[in-house]
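Chemist: Encoded as structure tokens, here's the structure I'll be asking about.
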Amino acid sequence: ARPSDALAEEPEPTPELDQIRAATVYSGYLEMGRIRIAVINGLEYRVGETLVDGSFMVERITPASVTLMAAQSQQQIIIPYQDAAD
């Protein structure tokens with residue numbers, strides 16, 4: 001295999017994903033029994049729900065971060081929790 005083939009296997013972060021990461025704020029976490037809710041850009045989401053713009057699905061919610069999956073590229077973005085006071 002040529003070196004360029006090896007690089008093609010691992011998706012690299014794109015400027016678009018970096019912009020989305022910078023523009024996405026995870027500012028609230030709520031756990032009620034087995035249900036976890038994340039407040040992302042001021043709206044509440046559960047795992048499996050798609051963000052308002054339709055480009056990302058909430059894949060995982062923890063108190064420390066939210067993992068989003070890009071609908072088209074299947075790339076993951078991890079958004080760390082950010083307290084509103086920060």
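Chain identifiers are assigned as A, B, and so on, following the order in which chains appear in the structure tokens; residues are numbered from 1 within each chain, and ligands are numbered from 1 in order of appearance.
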I'd like the neighbourhood of Gly48 of chain A as a count of residues only, where a residue qualifies if any of its atoms comes within 9 Å (using only C-alpha atoms), though same-chain residues fewer than 6 positions away should be ignored.
Modeler: 4
Chemist: Taking the backbone alone, and naming residues the way the document does, which bits of chain A are strand (DSSP E) by DSSP, as number ranges by chain?
Modeler: A: 26-32, 35-40, 43-45, 56-61, 65-70, 76-80
Chemist: Could you tell me, as a VMD selection string, which residues of chain A DSSP assigns to helix (DSSP H, G or I) when given the backbone?
Modeler: chain A and resid 3 to 9 15 to 23
Chemist: Got time to write the residues from that selection, N, CA, C and O atoms, as a PDB file, in the first residue's frame?
Modeler:
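Resulting contents of again_30.pdb:
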```pdb
ATOM      1  N   PRO A   3       1.681   5.184   0.864  1.00  0.00           N
ATOM      2  CA  PRO A   3       1.366   6.021   2.038  1.00  0.00           C
ATOM      3  C   PRO A   3       0.068   6.803   1.869  1.00  0.00           C
ATOM      4  O   PRO A   3      -0.678   6.992   2.808  1.00  0.00           O
ATOM      5  N   SER A   4      -0.233   7.265   0.656  1.00  0.00           N
ATOM      6  CA  SER A   4      -1.457   8.041   0.449  1.00  0.00           C
ATOM      7  C   SER A   4      -2.702   7.175   0.689  1.00  0.00           C
ATOM      8  O   SER A   4      -3.740   7.660   1.109  1.00  0.00           O
ATOM      9  N   ASP A   5      -2.596   5.855   0.431  1.00  0.00           N
ATOM     10  CA  ASP A   5      -3.719   4.960   0.694  1.00  0.00           C
ATOM     11  C   ASP A   5      -4.015   4.884   2.186  1.00  0.00           C
ATOM     12  O   ASP A   5      -5.161   4.865   2.604  1.00  0.00           O
ATOM     13  N   ALA A   6      -2.967   4.829   2.998  1.00  0.00           N
ATOM     14  CA  ALA A   6      -3.143   4.736   4.447  1.00  0.00           C
ATOM     15  C   ALA A   6      -3.812   5.997   4.983  1.00  0.00           C
ATOM     16  O   ALA A   6      -4.656   5.937   5.865  1.00  0.00           O
ATOM     17  N   LEU A   7      -3.462   7.145   4.427  1.00  0.00           N
ATOM     18  CA  LEU A   7      -4.063   8.395   4.888  1.00  0.00           C
ATOM     19  C   LEU A   7      -5.547   8.471   4.531  1.00  0.00           C
ATOM     20  O   LEU A   7      -6.331   9.037   5.269  1.00  0.00           O
ATOM     21  N   ALA A   8      -5.922   7.892   3.425  1.00  0.00           N
ATOM     22  CA  ALA A   8      -7.317   7.961   2.980  1.00  0.00           C
ATOM     23  C   ALA A   8      -8.247   7.182   3.908  1.00  0.00           C
ATOM     24  O   ALA A   8      -9.431   7.464   3.967  1.00  0.00           O
ATOM     25  N   GLU A   9      -7.702   6.222   4.666  1.00  0.00           N
ATOM     26  CA  GLU A   9      -8.544   5.400   5.537  1.00  0.00           C
ATOM     27  C   GLU A   9      -9.011   6.163   6.774  1.00  0.00           C
ATOM     28  O   GLU A   9     -10.059   5.883   7.318  1.00  0.00           O
ATOM     29  N   PRO A  15     -12.236  21.794   7.942  1.00  0.00           N
ATOM     30  CA  PRO A  15     -12.537  23.134   8.472  1.00  0.00           C
ATOM     31  C   PRO A  15     -14.014  23.285   8.816  1.00  0.00           C
ATOM     32  O   PRO A  15     -14.360  23.957   9.781  1.00  0.00           O
ATOM     33  N   GLU A  16     -14.893  22.639   8.031  1.00  0.00           N
ATOM     34  CA  GLU A  16     -16.330  22.734   8.314  1.00  0.00           C
ATOM     35  C   GLU A  16     -16.642  22.140   9.691  1.00  0.00           C
ATOM     36  O   GLU A  16     -17.413  22.722  10.460  1.00  0.00           O
ATOM     37  N   LEU A  17     -16.044  20.986   9.997  1.00  0.00           N
ATOM     38  CA  LEU A  17     -16.296  20.365  11.302  1.00  0.00           C
ATOM     39  C   LEU A  17     -15.745  21.223  12.426  1.00  0.00           C
ATOM     40  O   LEU A  17     -16.360  21.337  13.482  1.00  0.00           O
ATOM     41  N   ASP A  18     -14.595  21.845  12.212  1.00  0.00           N
ATOM     42  CA  ASP A  18     -14.032  22.735  13.229  1.00  0.00           C
ATOM     43  C   ASP A  18     -14.954  23.930  13.467  1.00  0.00           C
ATOM     44  O   ASP A  18     -15.154  24.360  14.598  1.00  0.00           O
ATOM     45  N   GLN A  19     -15.536  24.461  12.387  1.00  0.00           N
ATOM     46  CA  GLN A  19     -16.459  25.592  12.523  1.00  0.00           C
ATOM     47  C   GLN A  19     -17.711  25.166  13.292  1.00  0.00           C
ATOM     48  O   GLN A  19     -18.213  25.903  14.137  1.00  0.00           O
ATOM     49  N   ILE A  20     -18.215  23.991  12.984  1.00  0.00           N
ATOM     50  CA  ILE A  20     -19.406  23.496  13.673  1.00  0.00           C
ATOM     51  C   ILE A  20     -19.109  23.275  15.152  1.00  0.00           C
ATOM     52  O   ILE A  20     -19.903  23.637  16.018  1.00  0.00           O
ATOM     53  N   ARG A  21     -17.941  22.703  15.445  1.00  0.00           N
ATOM     54  CA  ARG A  21     -17.545  22.481  16.834  1.00  0.00           C
ATOM     55  C   ARG A  21     -17.488  23.817  17.579  1.00  0.00           C
ATOM     56  O   ARG A  21     -17.956  23.929  18.705  1.00  0.00           O
ATOM     57  N   ALA A  22     -16.940  24.837  16.935  1.00  0.00           N
ATOM     58  CA  ALA A  22     -16.822  26.151  17.560  1.00  0.00           C
ATOM     59  C   ALA A  22     -18.180  26.813  17.751  1.00  0.00           C
ATOM     60  O   ALA A  22     -18.385  27.561  18.705  1.00  0.00           O
ATOM     61  N   ALA A  23     -19.123  26.531  16.865  1.00  0.00           N
ATOM     62  CA  ALA A  23     -20.435  27.186  16.909  1.00  0.00           C
ATOM     63  C   ALA A  23     -21.467  26.406  17.724  1.00  0.00           C
ATOM     64  O   ALA A  23     -22.577  26.869  17.927  1.00  0.00           O
TER      65      ALA A  23
END
```
Chemist: How many Å lie between atom CA of Arg36 of chain A and atom CA of Thr14 of chain A, rounded to one decimal?
Modeler: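 Separating atom CA of Arg36 of chain A from atom CA of Thr14 of chain A is a distance of 29.0 Å.
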Chemist: So what do you get for atom CA of Leu43 of chain A versus atom CA of Val25 of chain A, distance-wise?
Modeler: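 So the answer is 10.1 Å.
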Chemist: Record the distance separating atom CA of Ala71 of chain A and atom CA of Asp83 of chain A, expressed in Å with one decimal.
Modeler: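 Atom-to-atom, atom CA of Ala71 of chain A and atom CA of Asp83 of chain A are spaced 26.8 Å apart.
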Chemist: When you look at Arg34 of chain A with a cut-off of 12 Å (counting only C-alpha atoms), what residues show up, excluding the ones that are within fewer than 4 positions of it in the same chain? I need them as a list in words.
Modeler: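 With the cut-off at 12 Å, the set is Leu30, Arg46, Val47 and Ile61 of chain A.
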Chemist: Which residue, A:Thr62, A:Thr67, A:Gln82, A:Ser27, has the smallest gap to Thr50 of chain A when you use only C-alpha atoms?
Modeler: A:Thr67
Chemist: Using only C-alpha atoms, which residue out of A:Tyr26, A:Phe56, A:Gln74, A:Leu68 lies closest to Glu44 of chain A?
Modeler: A:Tyr26
Chemist: When distances are computed from only C-alpha atoms, which of A:Met69, A:Ala38, A:Asp53, A:Met32 shows the smallest separation from Tyr81 of chain A?
Modeler: A:Ala38
